[in-house]
Every structure is written in C-alpha cells, then in structure tokens.
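A.B. asks: data_31.tsv is reproduced in full below (TSV, C-alpha atoms and all ligand atoms).
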```
chain	number	residue	atom	x	y	z
D	1	MET	CA	0.00	0.00	0.00
D	2	LYS	CA	1.14	3.54	-0.59
D	3	THR	CA	1.92	5.78	2.33
D	4	TYR	CA	4.07	8.69	3.46
D	5	HIS	CA	6.30	8.74	6.48
D	6	LEU	CA	8.20	11.50	8.26
D	7	ASN	CA	11.96	11.65	7.97
D	8	GLY	CA	13.87	14.53	9.49
D	9	HIS	CA	16.81	13.88	7.17
D	10	ALA	CA	14.79	13.92	3.95
D	11	GLY	CA	15.47	17.52	3.01
D	12	ALA	CA	13.12	20.43	3.51
D	13	GLY	CA	10.03	18.35	2.76
D	14	ARG	CA	10.67	15.75	5.50
D	15	LEU	CA	7.98	13.60	3.88
D	16	VAL	CA	8.94	10.35	2.14
D	17	ARG	CA	6.69	8.26	-0.13
D	18	THR	CA	6.91	4.60	0.86
D	19	ASP	CA	5.25	1.34	-0.12
D	20	LEU	CA	4.38	-0.92	2.80
D	21	ILE	CA	2.66	-4.27	3.16
D	22	LYS	CA	-1.06	-3.98	3.82
D	23	PRO	CA	-1.61	-4.58	7.58
D	24	GLU	CA	-3.86	-7.41	8.80
D	25	PRO	CA	-6.45	-6.85	11.53
D	26	ALA	CA	-6.03	-8.95	14.68
D	27	SER	CA	-8.85	-9.90	17.02
D	28	GLY	CA	-10.91	-6.84	17.94
D	29	GLU	CA	-9.39	-4.76	15.14
D	30	VAL	CA	-10.67	-3.32	11.90
D	31	ARG	CA	-8.83	-2.54	8.69
D	32	MET	CA	-9.99	0.65	7.08
D	33	ARG	CA	-9.35	1.67	3.49
D	34	VAL	CA	-8.60	5.34	3.84
D	35	GLU	CA	-10.33	7.40	1.15
D	36	ALA	CA	-9.38	10.84	2.41
D	37	ALA	CA	-7.18	12.41	5.08
D	38	SER	CA	-7.19	16.02	6.25
D	39	LEU	CA	-4.49	18.34	7.55
D	40	ASN	CA	-4.49	20.29	10.78
D	41	TYR	CA	-2.18	23.00	12.13
D	42	ARG	CA	-0.80	20.29	14.44
D	43	ASP	CA	0.57	18.49	11.38
D	44	LEU	CA	2.75	21.51	10.59
D	45	LEU	CA	4.10	21.53	14.15
D	46	ILE	CA	4.87	17.80	13.85
D	47	LEU	CA	6.50	18.20	10.43
D	48	ASP	CA	8.74	20.92	11.85
D	49	ARG	CA	9.66	18.78	14.85
D	50	ALA	CA	10.46	15.85	12.57
D	51	GLY	CA	13.52	17.90	11.63
D	52	GLN	CA	14.65	17.63	15.26
D	53	GLY	CA	14.03	13.86	15.41
D	54	GLY	CA	11.34	12.14	17.46
D	55	PHE	CA	8.80	11.54	14.69
D	56	ASP	CA	11.02	9.76	12.15
D	57	GLY	CA	9.31	6.81	10.52
D	58	ARG	CA	5.83	7.81	11.66
D	59	VAL	CA	2.94	8.04	9.21
D	60	PRO	CA	1.52	11.56	9.68
D	61	LEU	CA	-2.00	13.04	9.91
D	62	SER	CA	-4.52	12.28	12.63
D	63	ASP	CA	-7.61	12.66	10.48
D	64	GLY	CA	-8.99	10.23	7.96
D	65	ALA	CA	-12.21	8.65	6.71
D	66	GLY	CA	-12.99	5.72	4.47
D	67	VAL	CA	-14.51	2.29	4.38
D	68	VAL	CA	-14.14	-0.83	6.52
D	69	ASP	CA	-12.19	-3.29	4.41
D	70	ALA	CA	-11.71	-6.28	6.74
D	71	VAL	CA	-12.48	-7.12	10.37
D	72	GLY	CA	-10.64	-9.32	12.84
D	73	SER	CA	-12.33	-12.01	14.91
D	74	ASP	CA	-14.65	-10.81	17.69
D	75	VAL	CA	-15.63	-7.67	15.80
D	76	VAL	CA	-19.42	-7.45	15.66
D	77	ARG	CA	-19.91	-3.67	15.46
D	78	TRP	CA	-18.48	-3.18	11.93
D	79	ARG	CA	-18.75	-4.97	8.59
D	80	PRO	CA	-16.82	-4.54	5.34
D	81	GLY	CA	-18.33	-1.63	3.45
D	82	ASP	CA	-19.26	0.43	6.53
D	83	ARG	CA	-18.27	4.08	6.19
D	84	VAL	CA	-16.10	5.18	9.09
D	85	ALA	CA	-13.72	7.81	10.41
D	86	ALA	CA	-11.02	7.30	13.03
D	87	SER	CA	-11.19	9.14	16.34
D	88	PHE	CA	-8.17	11.34	17.17
D	89	PHE	CA	-7.25	9.49	20.40
D	90	ARG	CA	-7.38	5.76	19.77
D	91	ASP	CA	-7.91	5.06	23.47
D	92	TRP	CA	-10.22	7.89	24.63
D	93	ILE	CA	-13.60	6.25	24.14
D	94	SER	CA	-15.77	8.07	26.70
D	95	GLY	CA	-15.73	9.78	30.09
D	96	PRO	CA	-13.31	12.46	31.24
D	97	PHE	CA	-9.86	12.93	29.74
D	98	LYS	CA	-6.85	11.11	31.21
D	99	SER	CA	-3.27	12.03	30.38
D	100	SER	CA	-2.65	8.35	29.67
D	101	TYR	CA	-4.63	8.84	26.42
D	102	ILE	CA	-2.02	11.21	24.99
D	103	PRO	CA	0.28	8.55	23.46
D	104	SER	CA	-2.73	7.14	21.59
D	105	SER	CA	-3.18	10.23	19.40
D	106	LEU	CA	-2.98	9.23	15.75
D	107	GLY	CA	-0.17	10.71	13.69
D	108	GLY	CA	1.76	11.74	16.83
D	109	SER	CA	5.13	10.57	18.13
D	110	THR	CA	3.96	7.09	19.16
D	111	MET	CA	1.14	6.14	16.76
D	112	ASP	CA	0.97	6.12	12.99
D	113	GLY	CA	-1.61	8.34	11.35
D	114	MET	CA	-3.92	8.28	8.36
D	115	LEU	CA	-1.71	9.16	5.39
D	116	ALA	CA	-1.74	5.55	4.21
D	117	GLU	CA	-4.05	3.56	1.97
D	118	TYR	CA	-4.94	1.17	4.79
D	119	VAL	CA	-4.85	1.49	8.57
D	120	VAL	CA	-5.67	-1.03	11.28
D	121	LEU	CA	-7.30	0.24	14.47
D	122	PRO	CA	-9.30	-1.20	17.37
D	123	ALA	CA	-12.99	-1.43	16.48
D	124	THR	CA	-13.69	0.90	19.41
D	125	ALA	CA	-11.69	3.77	17.85
D	126	LEU	CA	-13.98	4.22	14.84
D	127	VAL	CA	-17.09	6.33	14.33
D	128	SER	CA	-19.79	6.00	11.65
D	129	VAL	CA	-19.69	8.65	8.95
D	130	PRO	CA	-23.00	10.52	8.56
D	131	ASP	CA	-24.82	9.55	5.34
D	132	HIS	CA	-24.93	13.10	4.00
D	133	LEU	CA	-21.14	13.48	4.05
D	134	THR	CA	-18.58	12.32	1.51
D	135	SER	CA	-15.36	10.74	2.79
D	136	ILE	CA	-13.57	13.96	1.85
D	137	GLU	CA	-15.91	15.92	4.11
D	138	ALA	CA	-15.82	13.31	6.88
D	139	ALA	CA	-12.01	13.36	6.92
D	140	THR	CA	-12.16	16.93	8.27
D	141	LEU	CA	-14.02	15.96	11.44
D	142	PRO	CA	-11.76	14.06	13.88
D	143	CYS	CA	-9.49	16.86	15.14
D	144	ALA	CA	-10.93	20.26	14.17
D	145	GLY	CA	-14.61	19.31	14.38
D	146	VAL	CA	-14.41	17.32	17.61
D	147	THR	CA	-12.26	19.99	19.30
D	148	ALA	CA	-14.81	22.72	18.57
D	149	TRP	CA	-17.69	20.43	19.56
D	150	HIS	CA	-16.14	19.25	22.83
D	151	GLY	CA	-15.09	22.77	23.87
D	152	LEU	CA	-18.12	24.76	22.82
D	153	ILE	CA	-21.01	22.33	23.15
D	154	THR	CA	-20.10	19.52	25.57
D	155	ARG	CA	-18.10	21.59	28.03
D	156	GLY	CA	-19.14	25.12	27.04
D	157	GLY	CA	-22.90	24.48	26.82
D	158	MET	CA	-23.22	26.89	23.87
D	159	GLY	CA	-26.86	27.43	22.89
D	160	LYS	CA	-29.15	29.71	20.93
D	161	SER	CA	-28.62	32.74	23.18
D	162	ALA	CA	-24.82	32.60	22.90
D	163	THR	CA	-22.49	35.06	21.22
D	164	LEU	CA	-19.47	33.18	19.89
D	165	LEU	CA	-16.16	34.83	19.00
D	166	VAL	CA	-13.87	32.83	16.69
D	167	GLN	CA	-10.35	33.72	15.63
D	168	GLY	CA	-9.55	33.29	11.95
D	169	THR	CA	-11.17	31.13	9.30
D	170	GLY	CA	-9.22	27.88	9.68
D	171	GLY	CA	-10.56	24.42	10.50
D	172	VAL	CA	-11.49	24.71	14.19
D	173	ALA	CA	-12.79	28.26	13.76
D	174	LEU	CA	-15.23	27.37	10.98
D	175	PHE	CA	-16.59	24.33	12.80
D	176	GLY	CA	-17.29	26.61	15.77
D	177	LEU	CA	-18.99	29.09	13.46
D	178	GLN	CA	-21.10	26.40	11.79
D	179	PHE	CA	-22.22	25.00	15.16
D	180	ALA	CA	-23.19	28.49	16.34
D	181	ALA	CA	-25.09	29.20	13.12
D	182	ALA	CA	-26.96	25.88	13.36
D	183	LEU	CA	-27.98	26.68	16.93
D	184	GLY	CA	-29.18	30.16	15.92
D	185	ALA	CA	-26.50	31.83	18.05
D	186	ARG	CA	-24.73	35.07	17.11
D	187	ALA	CA	-21.20	34.68	15.74
D	188	ILE	CA	-18.32	37.14	15.55
D	189	VAL	CA	-15.36	36.30	13.32
D	190	ILE	CA	-12.01	38.06	13.26
D	191	SER	CA	-9.80	37.42	10.24
D	192	SER	CA	-6.76	38.72	8.38
D	193	SER	CA	-8.77	39.13	5.18
D	194	ASP	CA	-11.99	40.80	4.03
D	195	GLU	CA	-12.46	38.05	1.43
D	196	LYS	CA	-12.33	35.40	4.12
D	197	LEU	CA	-14.71	37.46	6.25
D	198	ALA	CA	-17.17	37.40	3.36
D	199	CYS	CA	-17.01	33.55	3.45
D	200	ALA	CA	-17.61	33.66	7.21
D	201	GLN	CA	-20.63	35.91	6.66
D	202	ALA	CA	-22.04	33.44	4.13
D	203	LEU	CA	-21.72	30.75	6.81
D	204	GLY	CA	-23.73	32.82	9.30
D	205	ALA	CA	-21.34	35.22	11.04
D	206	SER	CA	-22.97	38.61	11.66
D	207	ILE	CA	-20.09	40.60	13.17
D	208	LEU	CA	-16.96	40.68	11.01
D	209	ILE	CA	-13.68	42.26	12.10
D	210	ASN	CA	-10.46	42.41	10.08
D	211	TYR	CA	-7.75	42.13	12.75
D	212	ARG	CA	-5.11	43.58	10.41
D	213	ASP	CA	-7.12	46.79	9.95
D	214	THR	CA	-8.41	46.68	13.52
D	215	PRO	CA	-5.65	45.37	15.79
D	216	ASP	CA	-7.72	46.40	18.84
D	217	TRP	CA	-10.33	43.86	17.86
D	218	ASP	CA	-11.36	43.35	21.49
D	219	VAL	CA	-12.55	46.97	21.56
D	220	ALA	CA	-14.48	46.35	18.32
D	221	VAL	CA	-16.05	43.19	19.82
D	222	MET	CA	-17.23	45.14	22.86
D	223	LYS	CA	-18.60	47.95	20.69
D	224	ALA	CA	-20.45	45.55	18.38
D	225	THR	CA	-22.04	43.76	21.34
D	226	ASP	CA	-23.11	46.95	23.19
D	227	GLY	CA	-20.46	46.39	25.84
D	228	GLU	CA	-21.54	42.83	26.63
D	229	GLY	CA	-18.79	40.82	24.93
D	230	ALA	CA	-18.83	37.21	23.77
D	231	SER	CA	-20.35	34.48	25.92
D	232	HIS	CA	-18.00	31.98	24.24
D	233	VAL	CA	-14.52	32.67	22.92
D	234	LEU	CA	-12.73	30.10	20.80
D	235	GLU	CA	-9.16	30.98	21.81
D	236	LEU	CA	-6.96	29.83	18.96
D	237	GLY	CA	-4.07	32.29	18.92
D	238	GLY	CA	-2.28	31.80	22.26
D	239	PRO	CA	0.14	34.50	23.44
D	240	GLY	CA	-0.77	36.90	20.60
D	241	THR	CA	-4.52	36.82	21.25
D	242	TYR	CA	-5.10	35.77	24.84
D	243	ASP	CA	-5.25	39.17	26.51
D	244	ARG	CA	-7.72	40.41	23.90
D	245	SER	CA	-9.79	37.24	24.36
D	246	LEU	CA	-9.94	38.01	28.07
D	247	ARG	CA	-11.04	41.56	27.28
D	248	SER	CA	-13.71	40.22	24.86
D	249	VAL	CA	-15.36	37.67	27.13
D	250	ALA	CA	-18.80	38.51	28.55
D	251	SER	CA	-19.77	38.28	32.20
D	252	ALA	CA	-20.12	34.60	33.14
D	253	GLY	CA	-18.65	33.77	29.72
D	254	LYS	CA	-16.31	30.97	28.75
D	255	ILE	CA	-12.96	31.02	27.01
D	256	VAL	CA	-12.31	27.71	25.30
D	257	GLN	CA	-8.53	27.46	25.27
D	258	ILE	CA	-7.41	25.51	22.26
D	259	GLY	CA	-4.82	27.06	20.01
D	260	VAL	CA	-1.18	27.96	19.62
D	261	LEU	CA	-1.28	29.88	16.32
D	262	THR	CA	1.03	32.58	17.71
D	263	GLY	CA	3.02	30.23	19.93
D	264	PHE	CA	2.76	28.30	23.19
D	265	GLY	CA	2.36	29.44	26.79
D	266	PRO	CA	0.28	32.62	26.97
D	267	LYS	CA	0.90	34.63	30.14
D	268	PRO	CA	-2.43	36.38	30.50
D	269	ASP	CA	-3.51	38.66	33.32
D	270	LEU	CA	-6.38	36.58	34.66
D	271	ALA	CA	-7.80	39.27	36.92
D	272	ARG	CA	-10.63	39.94	34.48
D	273	LEU	CA	-11.87	36.37	34.89
D	274	GLN	CA	-12.74	36.96	38.51
D	275	TRP	CA	-14.34	40.37	37.86
D	276	GLU	CA	-16.51	38.83	35.16
D	277	ASN	CA	-17.08	35.44	36.83
D	278	ALA	CA	-15.86	33.88	33.60
D	279	ASP	CA	-14.28	30.47	33.05
D	280	ILE	CA	-11.47	29.01	31.00
D	281	ILE	CA	-12.05	25.56	29.51
D	282	GLY	CA	-8.91	23.74	28.39
D	283	VAL	CA	-9.48	21.31	25.54
D	284	THR	CA	-7.45	18.58	23.86
D	285	VAL	CA	-9.61	17.34	20.96
D	286	GLY	CA	-12.12	14.82	22.38
D	287	SER	CA	-13.34	11.25	22.73
D	288	VAL	CA	-15.18	8.77	20.50
D	289	GLU	CA	-18.29	9.71	22.51
D	290	HIS	CA	-17.84	13.43	21.65
D	291	PHE	CA	-17.23	12.54	18.01
D	292	THR	CA	-20.38	10.42	17.85
D	293	ALA	CA	-22.52	13.14	19.44
D	294	MET	CA	-21.14	15.65	16.94
D	295	THR	CA	-22.01	13.43	13.96
D	296	ARG	CA	-25.64	13.30	15.16
D	297	PHE	CA	-25.71	17.10	15.26
D	298	LEU	CA	-24.14	17.36	11.80
D	299	SER	CA	-26.81	15.02	10.41
D	300	GLU	CA	-29.66	16.76	12.18
D	301	HIS	CA	-28.60	20.17	10.81
D	302	ALA	CA	-27.30	18.87	7.44
D	303	ILE	CA	-23.98	20.61	8.08
D	304	HIS	CA	-21.27	20.14	5.46
D	305	PRO	CA	-17.73	20.97	6.60
D	306	VAL	CA	-15.99	23.70	4.60
D	307	VAL	CA	-13.35	22.13	2.36
D	308	ASP	CA	-11.00	24.66	0.79
D	309	ARG	CA	-9.06	22.34	-1.51
D	310	VAL	CA	-8.55	18.62	-2.19
D	311	TYR	CA	-5.06	17.40	-3.17
D	312	ASP	CA	-4.06	14.14	-4.84
D	313	PHE	CA	-1.81	11.75	-2.94
D	314	ASP	CA	1.21	12.73	-5.06
D	315	ASP	CA	0.73	16.37	-4.05
D	316	VAL	CA	0.84	16.01	-0.27
D	317	PRO	CA	3.86	18.38	0.07
D	318	GLU	CA	1.81	21.08	-1.72
D	319	ALA	CA	-1.07	20.48	0.69
D	320	TYR	CA	1.26	21.10	3.65
D	321	ALA	CA	2.63	24.21	1.90
D	322	GLN	CA	-0.85	25.64	1.43
D	323	LEU	CA	-1.70	25.04	5.10
D	324	ARG	CA	1.48	26.83	6.10
D	325	SER	CA	0.64	29.79	3.85
D	326	GLY	CA	-2.63	30.30	5.72
D	327	SER	CA	-4.45	31.02	2.47
D	328	HIS	CA	-7.15	28.43	3.17
D	329	VAL	CA	-10.67	28.83	4.50
D	330	GLY	CA	-11.78	25.74	6.42
D	331	LYS	CA	-10.00	22.48	5.67
D	332	ILE	CA	-7.38	21.06	3.32
D	333	VAL	CA	-7.89	17.41	2.35
D	334	VAL	CA	-5.84	14.72	0.58
D	335	ARG	CA	-7.67	12.19	-1.61
D	336	LEU	CA	-6.22	8.67	-1.49
D	401	LIG	N1	-6.22	21.88	21.82
D	401	LIG	C1	-6.57	21.08	20.83
D	401	LIG	O1	-7.00	19.95	21.03
D	401	LIG	C2	-6.48	21.55	19.42
D	401	LIG	C3	-7.17	20.89	18.40
D	401	LIG	C4	-7.17	21.41	17.11
D	401	LIG	C5	-6.43	22.57	16.85
D	401	LIG	N2	-5.73	23.14	17.85
D	401	LIG	C6	-5.00	24.39	17.62
D	401	LIG	O2	-5.96	25.37	17.21
D	401	LIG	C7	-5.35	26.26	16.29
D	401	LIG	C8	-6.15	26.27	15.01
D	401	LIG	O3	-5.98	25.01	14.37
D	401	LIG	P1	-6.53	24.76	12.91
D	401	LIG	O4	-6.09	23.41	12.49
D	401	LIG	O5	-7.96	25.15	12.83
D	401	LIG	O6	-5.65	25.85	12.11
D	401	LIG	P2	-5.71	26.36	10.64
D	401	LIG	O7	-6.81	25.69	9.88
D	401	LIG	O8	-4.34	26.27	10.09
D	401	LIG	O9	-6.10	27.89	10.82
D	401	LIG	C9	-5.19	28.90	10.61
D	401	LIG	C10	-5.93	30.23	10.51
D	401	LIG	O10	-5.97	30.88	11.77
D	401	LIG	C11	-6.01	32.27	11.59
D	401	LIG	N3	-5.01	32.95	12.40
D	401	LIG	C12	-3.66	32.82	12.35
D	401	LIG	N4	-3.07	33.66	13.22
D	401	LIG	C13	-4.08	34.35	13.82
D	401	LIG	C14	-4.12	35.37	14.81
D	401	LIG	N5	-3.01	35.87	15.34
D	401	LIG	N6	-5.32	35.83	15.20
D	401	LIG	C15	-6.45	35.34	14.67
D	401	LIG	N7	-6.49	34.37	13.73
D	401	LIG	C16	-5.30	33.89	13.32
D	401	LIG	C17	-5.78	32.53	10.10
D	401	LIG	O11	-7.06	32.78	9.51
D	401	LIG	P3	-7.40	34.23	8.91
D	401	LIG	O12	-6.47	34.41	7.74
D	401	LIG	O13	-8.83	34.17	8.58
D	401	LIG	O14	-7.09	35.23	9.99
D	401	LIG	C18	-5.21	31.20	9.62
D	401	LIG	O15	-5.50	30.97	8.26
D	401	LIG	C19	-3.91	25.78	16.13
D	401	LIG	O16	-3.07	26.49	17.02
D	401	LIG	C20	-3.98	24.32	16.53
D	401	LIG	O17	-2.74	23.82	16.98
D	401	LIG	C21	-5.73	22.66	19.12
```
Would you give me this structure, written as structure tokens?

C.D. replies:
Amino acid sequence: MKTYHLNGHAGAGRLVRTDLIKPEPASGEVRMRVEAASLNYRDLLILDRAGQGGFDGRVPLSDGAGVVDAVGSDVVRWRPGDRVAASFFRDWISGPFKSSYIPSSLGGSTMDGMLAEYVVLPATALVSVPDHLTSIEAATLPCAGVTAWHGLITRGGMGKSATLLVQGTGGVALFGLQFAAALGARAIVISSSDEKLACAQALGASILINYRDTPDWDVAVMKATDGEGASHVLELGGPGTYDRSLRSVASAGKIVQIGVLTGFGPKPDLARLQWENADIIGVTVGSVEHFTAMTRFLSEHAIHPVVDRVYDFDDVPEAYAQLRSGSHVGKIVVRL
C-alpha cells in the first residue's frame, strides 16, 4: 500500500513516499481503506519537529475517513463496506480525559496516522460517517470538528442565546462558526482578510472584524455587542490573542482554550476572569463519545464541513505548503 512517512533527514520536505505491506487486523481490530485524510495545524508543528528527530518513521495526519475493508475475529460492530472515520485518540472512548490517552493520538510521536491507503485500528476507535457526508468531508471531522464540539457544546454548553467569538477562518474556527449558526447563536469572526470574512458571513457570522485593519479587535467586539462581549470565545491564537480574548469575554462567559497559532504558553492577566465570573475551559480534541454526538448534530442540521481544496496523494507536500501559507478557508484534504 502507498503511504508517506516522516523523515527529518529527507530535506526540507521531510515527507517520504513509501510502499508498505497492507496490515492485517487482529482480534478486535478493523482494517480501514482510507479514502481521504485532512491536515491540521498540528501536522505543521509535527513536520517541523520531525527535523529535530522524534517523529522519524511515523505516518503523519490524525484525520482520515474511508470504508471498513476487513475485520478481525470478535468484531461485531463493523462490517466490510461500513463508512467510518477514526477518532483522534485511539484510546479515549468516553468519560473524562486522562493524560494516559495522549500517546494514543494518531499521527503523533507514538502512533501512525492516516496518510496511508490502509490502517488497522481497534474497532472501538472508529465512528460512523453521517450519510450526508462524503469521505472527503468526513475526513475533516476528527481533530478540528471534535475539538470545537467538545469545547463549545459539551463543556461550554453553547446554545441559541450565545455570542461566539472565533479567531480566523481555519478548520477549528469554521466548525465553531457552523455549530453556532446551526444553533441560531450570534457569531463574531475576526480574520486577516476581508475576502475570508465574506465567506464567514455566508456561513452565518454577523459581526466581522479584520484584525489587520483593527488590531484592537477586542474593543471592536465590545462595541459591536453593546459592551456585553462574547459568551463563548474560541481561543486559537495563544500569546498573541489571549489578553484580547480576556477583554472580549462577557460576564459569566467561557474562554475555550485551544490554540497555539502565535506560539505556546500565553501569560495572560487573569484578573478579568474573577471580575466577570468567567471560566477558562482547556481542551485537547475529544473522545469517541464526543465525536459520535457531533455526527448526530451534523446530520440533524445537514452541516457540510468547509473544504477549501482537495489534493491528490502525489501532491501532499503542496497540501502542507498551502496550510502553512494560511491562504485556506476551512480544511485542506488529501484524496487517497
Ligand atoms: N487543543 C486542541 O486539542 C487543538 C485541536 C485542534 C487545533 N488546535 C489548535 O488550534 C489552532 C487552530 O488550528 P486549525 O487546524 O484550525 O488551524 P488552521 O486551519 O491552520 O487555521 C489557521 C488560521 O488561523 C487564523 N489565524 C492565524 N493567526 C491568527 C491570529 N493571530 N489571530 C487570529 N487568527 C489567526 C488565520 O485565519 P485568517 O487568515 O482568517 O485570519 C489562519 O489561516 C492551532 O493552534 C492548533 O494547533 C488545538
């Protein structure tokens, strides 16, 4: 089967095309024929770290969708032909997060990912793909979709009366926006580009702020909400955005802390949290249970993820390059 693996010594690309033997499912496992895999910002961080060692030999990308191709003994839940996607953490099935789940993240330092024609996973790590979605669309769900769902809906309790603030127009941001729009909530989007803001408006955002033209976007958020602020903030930037997120959050609001787009380790002044009785919710993607709940919502509201561009398998390096350029709106997908 065709696949890519990471190799820190393989020049600037650090991605090597390889042919491997198709894996066989053992008892309790399923072999999935991957039809599409999607890229996340995390995959850029991993590609860059591959240059420092640690990920060499690993198949990248956490997110993929396709069809069950073979099942091992004792598997009753799935049959060949079932349409499935893999959950980000192989071992986080349900219940609260445990740090012991971290090594089971697909496409990380200890587990191979989805950029291969076939993958074998435990039957418990798969989720049914909603009927209304293609495999290309379903491949966008495991990391970006589940992260936004877990943070905003499961933990954040976002509902119709919410005002959501999202940062940028990338994968996680647009899932948050689409969930808010489906619920009938108000959505604010900040972006580097007026063109991208027009896409966000078409998806249901009603307050649009270009953060290049308006670097004090927190002031603009407050003005546009009559001084109330956002009940839910999808915090994707990190050190470069955190203080403004804190100044944008409404009384009793929630900041869902997710991203590192401007780096790691924000050092925010948290005093405003106590004045506003607001909360921070830290999120690391989510479980199979979160993923399954999200697919029900997607079906109910006929939501189609926003796919910016689909690349062929031979063009994976170009897909990474586009993600790095930040020119995309929504998700970048590879067709296998
Ligand atoms: N904690 C978790 O479990 C988890 C899960 C998924 C993702 N993440 C993190 O969440 C972040 C987003 O991930 P993603 O995959 O959705 O990324 P992505 O698709 O690559 O999104 C990138 C977009 O973010 C926007 N952006 C960049 N810098 C910004 C800034 N300073 N202020 C506001 N917007 C900015 C830009 O959109 P515009 O051009 O429109 O401004 C850019 O195109 C990343 O840091 C990722 O590592 C964390």

A.B. asks: Once you count only C-alpha atoms and all ligand atoms, which residues end up within 7 Å of ligand LIG 401 (chain D), and could you hand them over as a ChimeraX atom specification?

C.D. replies: /D:40-42,143-144,147,167-173,190-193,196,236-237,240-241,257-262,283-285,323,326-331

A.B. asks: When distances are computed from all atoms listed in the file, which of D:Glu300, D:Asp226, D:Asp279, D:Asp91 shows the smallest separation from Ser251 in chain D?

C.D. replies: D:Asp279

A.B. asks: Which polymer residues have any atom within 9 Å of an atom of Pro268 in chain D, counting all atoms listed in the file, with same-chain residues fewer than 4 positions away left out, as a JSON list (two decimals) with C-alpha atoms, in the frame of the given file?

C.D. replies:
```json
[["chain", "number", "residue", "atom", "x", "y", "z"],
["D", 239, "PRO", "CA", 0.14, 34.50, 23.44],
["D", 242, "TYR", "CA", -5.10, 35.77, 24.84],
["D", 243, "ASP", "CA", -5.25, 39.17, 26.51],
["D", 246, "LEU", "CA", -9.94, 38.01, 28.07]]
```

A.B. asks: For a test of reading the model, state the distance in Å between CA of Asp69 in chain D and CA of Val30 in chain D, rounded to one decimal.

C.D. replies: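 It comes out at 7.6 Å.
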
A.B. asks: Please provide as a VMD selection string all residues within 12 Å of range 207-215 of chain D, with the sequence filter that same-chain residues fewer than 6 positions apart are discarded (counting all atoms listed in the file).

C.D. replies: chain D and resid 163 to 169 177 185 to 201 221 to 225 229 to 230 240 to 241 244

A.B. asks: To one decimal place in Å, what is the distance between CA of His5 in chain D and CA of Arg17 in chain D?

C.D. replies: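 Between CA of His5 in chain D and CA of Arg17 in chain D the gap is 6.6 Å.
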
A.B. asks: Between CA of Glu289 in chain D and CA of Ile303 in chain D, what distance in Å does the model show, to one decimal?

C.D. replies: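 That distance, rounded to one decimal, is 19.0 Å.
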
A.B. asks: Just checking: using only C-alpha atoms, which residue out of D:Gly107, D:Gly265, D:Gly11, D:Pro130 ends up closest to Gly51 in chain D?

C.D. replies: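 Among the listed residues, D:Gly11 lies closest to Gly51 in chain D.
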
A.B. asks: Point out the residue among D:Leu336, D:Ala37, D:Ile136, D:Ala50 with the least atom-to-atom distance to Gly8 in chain D, counting all atoms listed in the file.

C.D. replies: D:Ala50

A.B. asks: Using all atoms listed in the file, determine which residues lie at most 7 Å from Gly113 in chain D, disregarding the query and same-chain residues fewer than 2 positions distant; provide the list as a VMD selection string.

C.D. replies: chain D and resid 59 to 62 106 to 107 111 115
